[in-house]
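Structure record follows, encoded as structure tokens.
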Amino acid sequence: IKNGLISWWDGTEASGDLVDQHGSNTLTDTNTVTANPGVILLEPYDFYGMHLDGSTQYVTLGDAASLSFDFRDPFSIVALANPYSVTANSTIFGKQTDISAQGYALFLNASRQLALSVSNTATTNELQVRGGTALANGTPAMVGASYDGSIVTAAVTLYVNGVAESPTSVANTLTAVSDNSIAVNIGAANAGDLWPGDLGLVAVFSGVKAAANYRRWAYLAGLLEWRFLSGLRIPPT
């Protein structure tokens, strides 16, 4: 399941930069992002991620070539997300000036539904697809998205806790280049649409990852080694 891995960040640093555990895309702390050991995102392993206040905090990188996807480039994103009081678009991972602007972003919308935007111009030149599950505030979930580059609604598959979401098209007008020169961010879209809550185990891949992989991303067992925890559900029941 590591095939195509570009970068991953576990988010457990006490403070400071968020180190890329695979590539060279270490992100810079903005406004004192800290780990949140008081909230366990992944039981029974006592795994916790970084806490973002939804107001000023996020982590950022410049225009990373390895994370710059054109509108025909397939890619996949996965993250362990714990939202707090999401009432507006809230970015998990992206490279947009704001949601629906040029670039791409995985985010929760105002209804706490997972969504992916691949865009050149909001609504008039954009592919945006959302799921149907409203994530519960304060409940960790493993979320992810794959985009196959075919610029249609069916190009996007969204996952919540390893289960593919029923897709709904929000915008289906993408026809042009979506790459840009803005920063890559976790927890924000270029300082806007900030994430309120905890994030960890964020990973980005080139290419489309199979559904089985979204059921397996649960815990990092060692440097560059993912372990499949048979039967584990996130959050566990």
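Naming scheme: A, B, ... for chains in displayed order of the structure tokens; residues 1 onward per chain; ligands 1 onward as shown.
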I want to know what sits within 8 Å of Gln102 of chain A, based on only C-alpha atoms, with residues of the same chain fewer than 2 positions away left out; could you give that as a PyMOL selection string?
chain A and resi 96-97+100+104+118-122+178-180
Give me, as a count of residues only, all polymer residues having an atom no more than 9 Å from segment 165-170 of chain A, counting only C-alpha atoms and skipping those fewer than 4 positions away in the same chain.
16
Extract, using only C-alpha atoms, all DNA, RNA and protein residues at most 7 Å from segment 191-208 of chain A, discarding same-chain residues fewer than 5 positions from it, and format them as a PyMOL selection string.
chain A and resi 4-11+49-55+74-86+89-92+98-99+146-148
Which of segment 1-235 of chain A end up as strand (DSSP E) when DSSP is run on this backbone - answer as a PyMOL selection string?
chain A and resi 5-9+28-30+34-35+50-53+58-61+75-83+90-94+103-108+113-121+125-134+141-147+156-160+163-164+168-172+184-186+196-206+220-222+225-226
